[in-house]
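Structure data follow from target.cif (mmCIF, C-alpha atoms):
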data_structure
loop_
_atom_site.label_atom_id
_atom_site.label_comp_id
_atom_site.auth_asym_id
_atom_site.auth_seq_id
_atom_site.Cartn_x
_atom_site.Cartn_y
_atom_site.Cartn_z
CA MET A 1 -19.94 0.16 12.93
CA VAL A 2 -18.03 2.16 15.57
CA LYS A 3 -14.84 0.23 14.79
CA ASN A 4 -15.14 1.01 11.06
CA LEU A 5 -15.79 4.68 11.80
CA LYS A 6 -12.74 4.86 14.05
CA GLN A 7 -10.60 3.15 11.41
CA ASN A 8 -11.80 5.50 8.67
CA LEU A 9 -11.11 8.56 10.83
CA THR A 10 -7.63 7.25 11.59
CA ASP A 11 -7.00 6.70 7.87
CA ILE A 12 -8.08 10.28 7.10
CA LEU A 13 -5.91 11.75 9.86
CA ILE A 14 -2.86 9.80 8.70
CA ALA A 15 -3.40 10.87 5.08
CA VAL A 16 -3.77 14.52 6.11
CA ALA A 17 -0.74 14.41 8.43
CA SER A 18 1.39 12.71 5.75
CA GLY A 19 0.34 15.28 3.16
CA LEU A 20 1.26 18.16 5.48
CA ILE A 21 4.66 16.62 6.28
CA VAL A 22 5.61 16.06 2.63
CA GLY A 23 4.20 19.46 1.62
CA THR A 24 6.34 21.08 4.31
CA ALA A 25 9.48 19.42 2.95
CA TYR A 26 8.71 20.50 -0.60
CA TYR A 27 7.83 24.11 0.23
CA PHE A 28 10.61 24.92 2.65
CA PHE A 29 13.50 22.94 1.18
CA GLN A 30 12.90 21.60 -2.33
CA ASN A 31 11.02 24.09 -4.51
CA SER A 32 13.13 27.03 -3.35
CA ASN A 33 16.41 25.30 -4.19
CA GLY A 34 15.89 24.18 -7.78
CA PHE A 35 15.86 20.40 -7.74
CA ALA A 36 13.19 17.78 -8.29
CA PRO A 37 11.97 14.84 -6.21
CA GLY A 38 11.58 11.43 -7.80
CA GLY A 39 8.62 9.86 -9.54
CA VAL A 40 5.50 11.65 -10.72
CA GLY A 41 6.11 14.53 -8.32
CA GLY A 42 9.47 15.05 -9.98
CA LEU A 43 7.84 15.27 -13.42
CA ALA A 44 5.41 17.88 -12.08
CA THR A 45 8.28 19.88 -10.60
CA ILE A 46 10.24 19.73 -13.86
CA THR A 47 7.15 20.94 -15.74
CA TYR A 48 6.88 23.77 -13.19
CA LYS A 49 10.44 24.77 -14.12
CA LEU A 50 9.78 24.48 -17.88
CA LEU A 51 6.75 26.75 -17.59
CA GLY A 52 8.89 29.40 -15.95
CA TYR A 53 7.22 29.06 -12.56
CA LYS A 54 4.13 30.80 -13.99
CA VAL A 55 1.73 28.01 -13.11
CA SER A 56 1.11 27.03 -9.51
CA TRP A 57 3.24 24.05 -8.43
CA ALA A 58 0.31 22.79 -6.37
CA ILE A 59 -1.97 22.70 -9.43
CA LEU A 60 0.64 20.78 -11.43
CA MET A 61 1.09 18.25 -8.64
CA ILE A 62 -2.66 17.66 -8.49
CA ALA A 63 -2.95 17.53 -12.28
CA PHE A 64 -0.16 14.94 -12.60
CA ASN A 65 -1.16 12.72 -9.68
CA VAL A 66 -4.92 12.81 -9.16
CA PRO A 67 -5.84 11.21 -12.53
CA ILE A 68 -3.58 8.27 -11.62
CA PHE A 69 -5.27 7.97 -8.23
CA ILE A 70 -8.69 8.01 -9.87
CA LEU A 71 -7.61 5.02 -11.97
CA VAL A 72 -6.42 3.30 -8.79
CA SER A 73 -9.85 3.93 -7.28
CA ILE A 74 -11.56 2.41 -10.31
CA PHE A 75 -9.33 -0.58 -11.04
CA VAL A 76 -7.49 -1.41 -7.82
CA ASN A 77 -9.09 -0.21 -4.59
CA LYS A 78 -11.70 2.50 -4.23
CA LYS A 79 -10.78 3.49 -0.68
CA LEU A 80 -7.05 3.57 -1.46
CA GLY A 81 -7.68 5.83 -4.45
CA VAL A 82 -9.73 8.27 -2.36
CA ILE A 83 -7.12 8.30 0.42
CA LEU A 84 -4.34 9.02 -2.08
CA ILE A 85 -6.34 11.88 -3.60
CA LEU A 86 -6.86 13.39 -0.14
CA TYR A 87 -3.16 12.95 0.64
CA MET A 88 -2.06 14.64 -2.59
CA VAL A 89 -4.53 17.52 -2.31
CA VAL A 90 -3.39 18.27 1.26
CA GLN A 91 0.26 17.93 0.24
CA SER A 92 -0.14 20.32 -2.68
CA LEU A 93 -2.41 22.91 -1.09
CA SER A 94 -0.28 23.07 2.06
CA THR A 95 2.45 24.71 -0.02
CA GLU A 96 -0.06 27.37 -1.12
CA LEU A 97 -1.11 27.86 2.49
CA TYR A 98 2.49 28.45 3.55
CA LYS A 99 2.81 30.97 0.74
CA ILE A 100 -0.34 32.82 1.82
CA LEU A 101 0.91 32.90 5.42
CA GLY A 102 4.18 34.43 4.20
CA ALA A 103 6.37 31.59 5.45
CA LYS A 104 9.94 32.05 4.21
CA PRO A 105 11.49 28.92 2.66
CA TYR A 106 15.12 27.92 3.10
CA SER A 107 17.15 29.03 0.08
CA ALA A 108 20.82 28.13 -0.26
CA ALA A 109 21.26 30.79 -2.98
CA ASN A 110 20.13 33.55 -0.60
CA ASN A 111 22.65 32.41 2.01
CA GLY A 112 25.50 32.77 -0.46
CA GLU A 113 26.97 29.31 0.20
CA ASP A 114 26.73 26.76 -2.61
CA PHE A 115 27.34 23.78 -0.34
CA GLU A 116 24.28 24.66 1.75
CA ILE A 117 22.04 23.20 -0.94
CA VAL A 118 23.15 19.82 0.45
CA PHE A 119 21.36 20.72 3.68
CA ALA A 120 18.20 21.34 1.68
CA CYS A 121 18.54 17.93 0.01
CA ILE A 122 19.01 16.20 3.35
CA ALA A 123 16.10 18.03 4.95
CA THR A 124 13.82 17.22 2.02
CA GLY A 125 14.78 13.55 2.12
CA VAL A 126 14.35 13.17 5.88
CA ILE A 127 11.06 15.07 6.21
CA SER A 128 9.41 13.73 3.06
CA GLY A 129 10.66 10.23 3.90
CA LEU A 130 8.79 10.44 7.20
CA GLY A 131 5.59 11.36 5.35
CA PHE A 132 6.08 8.57 2.81
CA SER A 133 6.67 6.10 5.66
CA LEU A 134 3.35 6.94 7.31
CA MET A 135 1.49 6.39 4.05
CA LEU A 136 3.32 3.19 3.13
CA ARG A 137 2.96 1.72 6.59
CA ARG A 138 -0.77 2.38 6.68
CA PHE A 139 -1.83 2.07 3.04
CA GLY A 140 1.06 0.51 1.10
CA ALA A 141 1.27 3.51 -1.26
CA SER A 142 2.64 7.03 -0.98
CA GLY A 143 2.32 8.73 -4.35
CA GLY A 144 2.10 8.50 -8.11
CA THR A 145 4.95 6.02 -8.56
CA TYR A 146 3.41 3.54 -6.13
CA ALA A 147 -0.02 4.10 -7.68
CA ILE A 148 1.29 3.39 -11.18
CA SER A 149 3.04 0.30 -9.85
CA SER A 150 -0.22 -0.99 -8.33
CA LEU A 151 -2.03 -0.40 -11.63
CA ILE A 152 0.63 -2.29 -13.57
CA LYS A 153 0.53 -5.08 -11.01
CA ARG A 154 -3.25 -5.23 -11.40
CA PHE A 155 -3.08 -5.97 -15.12
CA LYS A 156 0.36 -7.63 -15.29
CA PRO A 157 0.99 -9.46 -12.00
CA ALA A 158 4.36 -10.82 -13.16
CA THR A 159 5.86 -7.34 -13.64
CA ASN A 160 8.85 -6.44 -11.47
CA ILE A 161 7.48 -3.39 -9.62
CA ALA A 162 10.84 -2.43 -8.13
CA TYR A 163 12.24 -2.19 -11.66
CA VAL A 164 9.32 0.03 -12.75
CA SER A 165 9.90 2.38 -9.79
CA PHE A 166 13.62 2.50 -10.56
CA LEU A 167 12.95 3.42 -14.20
CA MET A 168 10.58 6.23 -13.21
CA ASP A 169 12.99 7.74 -10.71
CA SER A 170 15.91 7.35 -13.14
CA SER A 171 13.97 9.10 -15.90
CA VAL A 172 13.34 12.07 -13.61
CA VAL A 173 17.04 12.29 -12.79
CA GLY A 174 17.95 12.17 -16.48
CA ILE A 175 15.38 14.78 -17.51
CA ALA A 176 16.43 17.06 -14.64
CA PHE A 177 19.94 17.26 -16.10
CA PHE A 178 18.66 18.89 -19.30
CA VAL A 179 15.87 20.98 -17.77
CA TYR A 180 18.11 22.57 -15.14
CA GLY A 181 20.65 23.84 -17.68
CA MET A 182 22.76 20.67 -17.99
CA LYS A 183 24.18 21.28 -14.54
CA ILE A 184 25.25 18.39 -12.39
CA THR A 185 24.19 20.01 -9.08
CA PRO A 186 20.40 19.60 -9.54
CA VAL A 187 20.97 15.97 -10.57
CA LEU A 188 23.09 15.26 -7.50
CA CYS A 189 20.51 16.99 -5.32
CA THR A 190 17.77 14.78 -6.71
CA LEU A 191 19.89 11.66 -6.14
CA ILE A 192 20.72 12.68 -2.56
CA ASN A 193 17.09 13.44 -1.86
CA LEU A 194 15.94 10.08 -3.27
CA PHE A 195 18.60 8.15 -1.38
CA ILE A 196 17.92 9.76 2.00
CA ALA A 197 14.15 9.45 1.60
CA ASP A 198 14.56 5.72 0.81
CA VAL A 199 16.79 5.26 3.87
CA VAL A 200 14.23 6.97 6.11
CA VAL A 201 11.40 4.90 4.64
CA ASP A 202 13.37 1.67 5.12
CA TYR A 203 14.11 2.62 8.72
CA PHE A 204 10.50 3.35 9.65
CA LEU A 205 9.06 0.42 7.70
CA GLY A 206 11.66 -1.82 9.32
CA GLY A 207 10.02 -1.09 12.62
CA ILE A 208 10.48 1.52 15.29
CA LYS A 209 10.09 -1.20 17.93
CA SER A 210 13.01 -3.24 16.66
CA GLY A 211 15.05 -5.53 18.85
CA TYR A 212 17.50 -8.44 19.01
CA LYS A 213 16.55 -12.07 19.39
CA PHE A 214 18.95 -14.19 21.44
CA GLU A 215 19.00 -17.98 21.24
CA ILE A 216 20.98 -19.33 24.18
CA ILE A 217 21.93 -22.98 24.61
CA THR A 218 22.49 -23.74 28.28
CA ASP A 219 22.42 -26.48 30.89
CA LYS A 220 21.22 -24.07 33.57
CA PRO A 221 17.93 -22.81 32.17
CA GLU A 222 16.21 -21.97 35.46
CA GLU A 223 19.03 -19.81 36.86
CA LEU A 224 19.71 -18.04 33.56
CA SER A 225 16.01 -17.43 32.83
CA ALA A 226 15.42 -16.02 36.30
CA GLU A 227 18.31 -13.56 35.92
CA LEU A 228 17.18 -12.45 32.44
CA ILE A 229 13.62 -11.84 33.61
CA GLU A 230 14.75 -9.97 36.72
CA LYS A 231 17.40 -7.74 35.14
CA LEU A 232 16.14 -7.23 31.57
CA LYS A 233 12.41 -7.25 32.36
CA HIS A 234 11.62 -9.41 29.31
CA GLY A 235 10.06 -12.82 29.19
CA VAL A 236 11.91 -15.89 27.92
CA THR A 237 10.87 -19.05 26.10
CA GLU A 238 12.44 -22.38 26.96
CA ILE A 239 12.82 -25.27 24.48
CA ARG A 240 14.38 -28.67 25.22
CA VAL A 241 17.10 -29.50 22.66
CA THR A 242 19.69 -32.22 22.06
CA GLY A 243 23.34 -31.57 21.20
CA MET A 244 24.14 -33.90 18.29
CA TYR A 245 27.91 -33.85 18.93
CA SER A 246 27.71 -34.94 22.57
CA HIS A 247 24.17 -36.38 22.43
CA THR A 248 23.32 -34.67 25.68
CA ASP A 249 20.09 -32.91 26.55
CA LYS A 250 20.25 -29.15 26.94
CA TYR A 251 17.85 -26.21 26.82
CA MET A 252 17.50 -23.32 24.40
CA ILE A 253 16.28 -20.04 25.85
CA ILE A 254 14.83 -17.49 23.45
CA CYS A 255 14.69 -13.85 24.56
CA ILE A 256 14.05 -10.65 22.58
CA ILE A 257 15.58 -7.45 23.96
CA ARG A 258 16.26 -3.84 23.02
CA LYS A 259 19.48 -2.81 21.29
CA LYS A 260 20.63 -0.89 24.36
CA GLN A 261 20.35 -4.09 26.42
CA VAL A 262 22.74 -6.18 24.27
CA GLY A 263 25.77 -5.35 26.43
CA GLU A 264 23.96 -6.30 29.62
CA MET A 265 22.74 -9.52 27.99
CA MET A 266 26.34 -10.43 27.09
CA LYS A 267 27.49 -9.90 30.67
CA ILE A 268 24.73 -12.15 31.99
CA ILE A 269 25.54 -14.95 29.53
CA GLN A 270 29.26 -14.79 30.40
CA ARG A 271 28.40 -15.70 33.97
CA TYR A 272 27.28 -19.12 32.67
CA PRO A 273 30.44 -20.65 31.10
CA GLY A 274 28.63 -23.71 29.73
CA SER A 275 26.27 -21.57 27.66
CA PHE A 276 26.40 -20.78 23.95
CA ALA A 277 24.48 -17.91 22.36
CA SER A 278 23.71 -16.42 18.96
CA PHE A 279 21.58 -13.39 18.16
CA GLU A 280 19.99 -11.61 15.22
CA LYS A 281 18.13 -8.38 14.63
CA VAL A 282 14.34 -8.45 14.42
CA SER A 283 12.69 -5.58 12.55
CA GLU A 284 9.44 -5.37 14.50
CA VAL A 285 8.15 -6.53 17.85
CA PHE A 286 4.45 -6.93 18.62
CA GLY A 287 2.65 -7.73 21.83
CA ARG A 288 3.79 -7.15 25.38
CA PHE A 289 7.32 -5.95 24.73
CA LYS A 290 7.53 -3.71 27.77
CA LYS A 291 11.03 -2.34 28.10
#
Represent the structure contained in this file as structure tokens.
Amino acid sequence: MVKNLKQNLTDILIAVASGLIVGTAYYFFQNSNGFAPGGVGGLATITYKLLGYKVSWAILMIAFNVPIFILVSIFVNKKLGVILILYMVVQSLSTELYKILGAKPYSAANNGEDFEIVFACIATGVISGLGFSLMLRRFGASGGTYAISSLIKRFKPATNIAYVSFLMDSSVVGIAFFVYGMKITPVLCTLINLFIADVVVDYFLGGIKSGYKFEIITDKPEELSAELIEKLKHGVTEIRVTGMYSHTDKYMIICIIRKKQVGEMMKIIQRYPGSFASFEKVSEVFGRFKK
């Protein structure tokens, strides 16, 4: 009971925080610079432009997204649908709150430098990407595009969801070209925003606690292991192996370390001339990974 309550409260806090982060990106950097995000939010923003900015952007975002989330709640997962509704309402209304508080958004046009709109694109991508990452990491969905994908997957499991997402984002980019006066700048801004947001999402979903796994073949496992544990402060795993070329018994030591420790690891291995090592990046590390 207590565990479920704690989990539900954590879910709510993450949804609210994510909504505030994305809403901040949209208010301060996107809406004031005349370009659209991808997906369903992009369609709402384009509609906002077509209506001459006379209807609240927040209302359009809710109107475009919430019906989709209601369908998710009915056909896919009730809790996920409710969480997405909360996330979108907070995201949308936060922009109205900033407006009421008189917060001044960043506008490249007001600064008189055309190239500064690139800064707005980058800022939107980085900040909104962080919000998307929190939602995706916790709930596996971060907006209308992901919700539509889950609905399609529910009724047509064989559908390529990545292709569906690509089509939705591409359609927004294409429509933006005509809506924003057939100018290439809004299209490029949308593309830059989408690309950077995807990079940020990939980075955070790939794991903040990333590391490198070393597999070291050696005939001096005790000495090497002791030095690794003492100097790198990470545990090691020892496996007995057989070299098929020489048919001699050796040992393989497995050790996962931080990126900043790779150089030190190399120096340690070089002190054991009979050793052979390979390493690869691991995207996430769980458990007692202290240093």
Inset, instruction - Could you please determine the separation between CA of Gly174 (chain A) and CA of Leu194 (chain A) in Å, to one decimal place? - result: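 These atoms are spaced 13.5 Å apart.
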Legend entry - Expansion of the PyMOL selection byres ((chain A and resi 33-37) around 9) into residues, as a ChimeraX atom specification: /A:26,28-32,38-46,49,106-109,117,120-121,124-125,169,172-173,176,180,185-191,193-194
Legend entry - Given the PyMOL selection byres ((chain A and resi 282) around 6), the residues it picks as a VMD selection string: chain A and resid 210 to 212 281 283 to 284
Let me see the file: selected residues, C-alpha atoms, as a tab-separated table (two decimals), keeping the file's coordinate frame.
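Result file selection.tsv:
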chain	number	residue	atom	x	y	z
A	210	SER	CA	13.01	-3.24	16.66
A	211	GLY	CA	15.05	-5.53	18.85
A	212	TYR	CA	17.50	-8.44	19.01
A	281	LYS	CA	18.13	-8.38	14.63
A	283	SER	CA	12.69	-5.58	12.55
A	284	GLU	CA	9.44	-5.37	14.50
Inset, instruction - Compile the contact shell of Glu96 (chain A) as a list in words: residues with an atom at most 9 Å away, counting all atoms listed in the file, same-chain residues fewer than 3 positions apart removed. - result: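 Returned residues: Tyr27, Ser56, Trp57, Ala58, Ser92, Leu93, Lys99, Ile100 and Leu101 of chain A.
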Kindly export the residues of the current selection with C-alpha atoms, as a PDB file, keeping the file's coordinate frame.
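The result, written out as part.pdb:
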ATOM      1  CA  TYR A  27       7.830  24.110   0.230  1.00  0.00           C
ATOM      2  CA  SER A  56       1.110  27.030  -9.510  1.00  0.00           C
ATOM      3  CA  TRP A  57       3.240  24.050  -8.430  1.00  0.00           C
ATOM      4  CA  ALA A  58       0.310  22.790  -6.370  1.00  0.00           C
ATOM      5  CA  SER A  92      -0.140  20.320  -2.680  1.00  0.00           C
ATOM      6  CA  LEU A  93      -2.410  22.910  -1.090  1.00  0.00           C
ATOM      7  CA  LYS A  99       2.810  30.970   0.740  1.00  0.00           C
ATOM      8  CA  ILE A 100      -0.340  32.820   1.820  1.00  0.00           C
ATOM      9  CA  LEU A 101       0.910  32.900   5.420  1.00  0.00           C
TER      10      LEU A 101
END
Legend entry - Selection dump of the PyMOL selection byres ((chain A and resi 249-266) around 7), as an MDAnalysis selection string: chainID A and resid 211:219 221 234:243 247:248 267:270
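CA of Met88 (chain A) sits 7.4 Å away from CA of Val66 (chain A).
Minimum atom-to-atom distance to Thr47 (chain A), evaluated using all atoms listed in the file, belongs to A:Val179 out of A:Phe166, A:Val179, A:Asp202, A:Leu134.
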Inset, instruction - Report the distance between CA of Leu167 (chain A) and CA of Lys183 (chain A) in Å, rounded to one decimal place. - result: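 For CA of Leu167 (chain A) relative to CA of Lys183 (chain A), the distance reads 21.1 Å.
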Fewer than 4 positions away in the same chain doesn't count, so skip those; otherwise give me all residues within 9 Å of Val200 (chain A), counting all atoms listed in the file, as a short mmCIF file (atom, residue, chain, number, x, y, z; two decimals) with C-alpha atoms, keeping the file's coordinate frame.
data_model
loop_
_atom_site.label_atom_id
_atom_site.label_comp_id
_atom_site.auth_asym_id
_atom_site.auth_seq_id
_atom_site.Cartn_x
_atom_site.Cartn_y
_atom_site.Cartn_z
CA GLY A 125 14.78 13.55 2.12
CA VAL A 126 14.35 13.17 5.88
CA ILE A 127 11.06 15.07 6.21
CA SER A 128 9.41 13.73 3.06
CA GLY A 129 10.66 10.23 3.90
CA LEU A 130 8.79 10.44 7.20
CA PHE A 132 6.08 8.57 2.81
CA SER A 133 6.67 6.10 5.66
CA PHE A 195 18.60 8.15 -1.38
CA ILE A 196 17.92 9.76 2.00
CA PHE A 204 10.50 3.35 9.65
CA LEU A 205 9.06 0.42 7.70
#
Please fill the gaps in region 66-90 of chain A so it has N, CA and C atoms, and write that as a PDB file, in the coordinates of the input.
ATOM      1  N   VAL A  66      -3.529  13.192  -9.434  1.00  0.00           N
ATOM      2  CA  VAL A  66      -4.920  12.810  -9.160  1.00  0.00           C
ATOM      3  C   VAL A  66      -5.521  11.908 -10.234  1.00  0.00           C
ATOM      4  N   PRO A  67      -5.298  12.152 -11.538  1.00  0.00           N
ATOM      5  CA  PRO A  67      -5.840  11.210 -12.530  1.00  0.00           C
ATOM      6  C   PRO A  67      -5.365   9.770 -12.323  1.00  0.00           C
ATOM      7  N   ILE A  68      -4.107   9.614 -11.898  1.00  0.00           N
ATOM      8  CA  ILE A  68      -3.580   8.270 -11.620  1.00  0.00           C
ATOM      9  C   ILE A  68      -4.318   7.658 -10.437  1.00  0.00           C
ATOM     10  N   PHE A  69      -4.570   8.473  -9.418  1.00  0.00           N
ATOM     11  CA  PHE A  69      -5.270   7.970  -8.230  1.00  0.00           C
ATOM     12  C   PHE A  69      -6.719   7.621  -8.538  1.00  0.00           C
ATOM     13  N   ILE A  70      -7.313   8.344  -9.456  1.00  0.00           N
ATOM     14  CA  ILE A  70      -8.690   8.010  -9.870  1.00  0.00           C
ATOM     15  C   ILE A  70      -8.708   6.634 -10.530  1.00  0.00           C
ATOM     16  N   LEU A  71      -7.710   6.350 -11.355  1.00  0.00           N
ATOM     17  CA  LEU A  71      -7.610   5.020 -11.970  1.00  0.00           C
ATOM     18  C   LEU A  71      -7.406   3.939 -10.918  1.00  0.00           C
ATOM     19  N   VAL A  72      -6.614   4.248  -9.894  1.00  0.00           N
ATOM     20  CA  VAL A  72      -6.420   3.300  -8.790  1.00  0.00           C
ATOM     21  C   VAL A  72      -7.754   3.021  -8.114  1.00  0.00           C
ATOM     22  N   SER A  73      -8.540   4.080  -7.918  1.00  0.00           N
ATOM     23  CA  SER A  73      -9.850   3.930  -7.280  1.00  0.00           C
ATOM     24  C   SER A  73     -10.785   3.063  -8.103  1.00  0.00           C
ATOM     25  N   ILE A  74     -10.667   3.165  -9.420  1.00  0.00           N
ATOM     26  CA  ILE A  74     -11.560   2.410 -10.310  1.00  0.00           C
ATOM     27  C   ILE A  74     -11.110   0.958 -10.455  1.00  0.00           C
ATOM     28  N   PHE A  75      -9.818   0.760 -10.671  1.00  0.00           N
ATOM     29  CA  PHE A  75      -9.330  -0.580 -11.040  1.00  0.00           C
ATOM     30  C   PHE A  75      -8.674  -1.367  -9.909  1.00  0.00           C
ATOM     31  N   VAL A  76      -8.226  -0.703  -8.865  1.00  0.00           N
ATOM     32  CA  VAL A  76      -7.490  -1.410  -7.820  1.00  0.00           C
ATOM     33  C   VAL A  76      -8.269  -1.437  -6.509  1.00  0.00           C
ATOM     34  N   ASN A  77      -8.431  -0.281  -5.896  1.00  0.00           N
ATOM     35  CA  ASN A  77      -9.090  -0.210  -4.590  1.00  0.00           C
ATOM     36  C   ASN A  77      -9.701   1.181  -4.437  1.00  0.00           C
ATOM     37  N   LYS A  78     -11.000   1.222  -4.285  1.00  0.00           N
ATOM     38  CA  LYS A  78     -11.700   2.500  -4.230  1.00  0.00           C
ATOM     39  C   LYS A  78     -11.236   3.351  -3.048  1.00  0.00           C
ATOM     40  N   LYS A  79     -11.167   2.735  -1.877  1.00  0.00           N
ATOM     41  CA  LYS A  79     -10.780   3.490  -0.680  1.00  0.00           C
ATOM     42  C   LYS A  79      -9.352   4.000  -0.794  1.00  0.00           C
ATOM     43  N   LEU A  80      -8.442   3.158  -1.305  1.00  0.00           N
ATOM     44  CA  LEU A  80      -7.050   3.570  -1.460  1.00  0.00           C
ATOM     45  C   LEU A  80      -6.951   4.765  -2.399  1.00  0.00           C
ATOM     46  N   GLY A  81      -7.693   4.724  -3.498  1.00  0.00           N
ATOM     47  CA  GLY A  81      -7.680   5.830  -4.450  1.00  0.00           C
ATOM     48  C   GLY A  81      -8.136   7.135  -3.822  1.00  0.00           C
ATOM     49  N   VAL A  82      -9.204   7.073  -3.032  1.00  0.00           N
ATOM     50  CA  VAL A  82      -9.730   8.270  -2.360  1.00  0.00           C
ATOM     51  C   VAL A  82      -8.724   8.807  -1.347  1.00  0.00           C
ATOM     52  N   ILE A  83      -8.113   7.897  -0.585  1.00  0.00           N
ATOM     53  CA  ILE A  83      -7.120   8.300   0.420  1.00  0.00           C
ATOM     54  C   ILE A  83      -5.930   8.986  -0.252  1.00  0.00           C
ATOM     55  N   LEU A  84      -5.475   8.435  -1.373  1.00  0.00           N
ATOM     56  CA  LEU A  84      -4.340   9.020  -2.080  1.00  0.00           C
ATOM     57  C   LEU A  84      -4.679  10.400  -2.649  1.00  0.00           C
ATOM     58  N   ILE A  85      -5.913  10.557  -3.105  1.00  0.00           N
ATOM     59  CA  ILE A  85      -6.340  11.880  -3.600  1.00  0.00           C
ATOM     60  C   ILE A  85      -6.322  12.889  -2.462  1.00  0.00           C
ATOM     61  N   LEU A  86      -6.868  12.498  -1.305  1.00  0.00           N
ATOM     62  CA  LEU A  86      -6.860  13.390  -0.140  1.00  0.00           C
ATOM     63  C   LEU A  86      -5.431  13.751   0.246  1.00  0.00           C
ATOM     64  N   TYR A  87      -4.572  12.753   0.290  1.00  0.00           N
ATOM     65  CA  TYR A  87      -3.160  12.950   0.640  1.00  0.00           C
ATOM     66  C   TYR A  87      -2.490  13.934  -0.315  1.00  0.00           C
ATOM     67  N   MET A  88      -2.716  13.776  -1.615  1.00  0.00           N
ATOM     68  CA  MET A  88      -2.060  14.640  -2.590  1.00  0.00           C
ATOM     69  C   MET A  88      -2.618  16.051  -2.558  1.00  0.00           C
ATOM     70  N   VAL A  89      -3.931  16.192  -2.372  1.00  0.00           N
ATOM     71  CA  VAL A  89      -4.530  17.520  -2.310  1.00  0.00           C
ATOM     72  C   VAL A  89      -4.000  18.285  -1.093  1.00  0.00           C
ATOM     73  N   VAL A  90      -3.932  17.626   0.056  1.00  0.00           N
ATOM     74  CA  VAL A  90      -3.390  18.270   1.260  1.00  0.00           C
ATOM     75  C   VAL A  90      -1.922  18.623   1.056  1.00  0.00           C
TER      76      VAL A  90
END
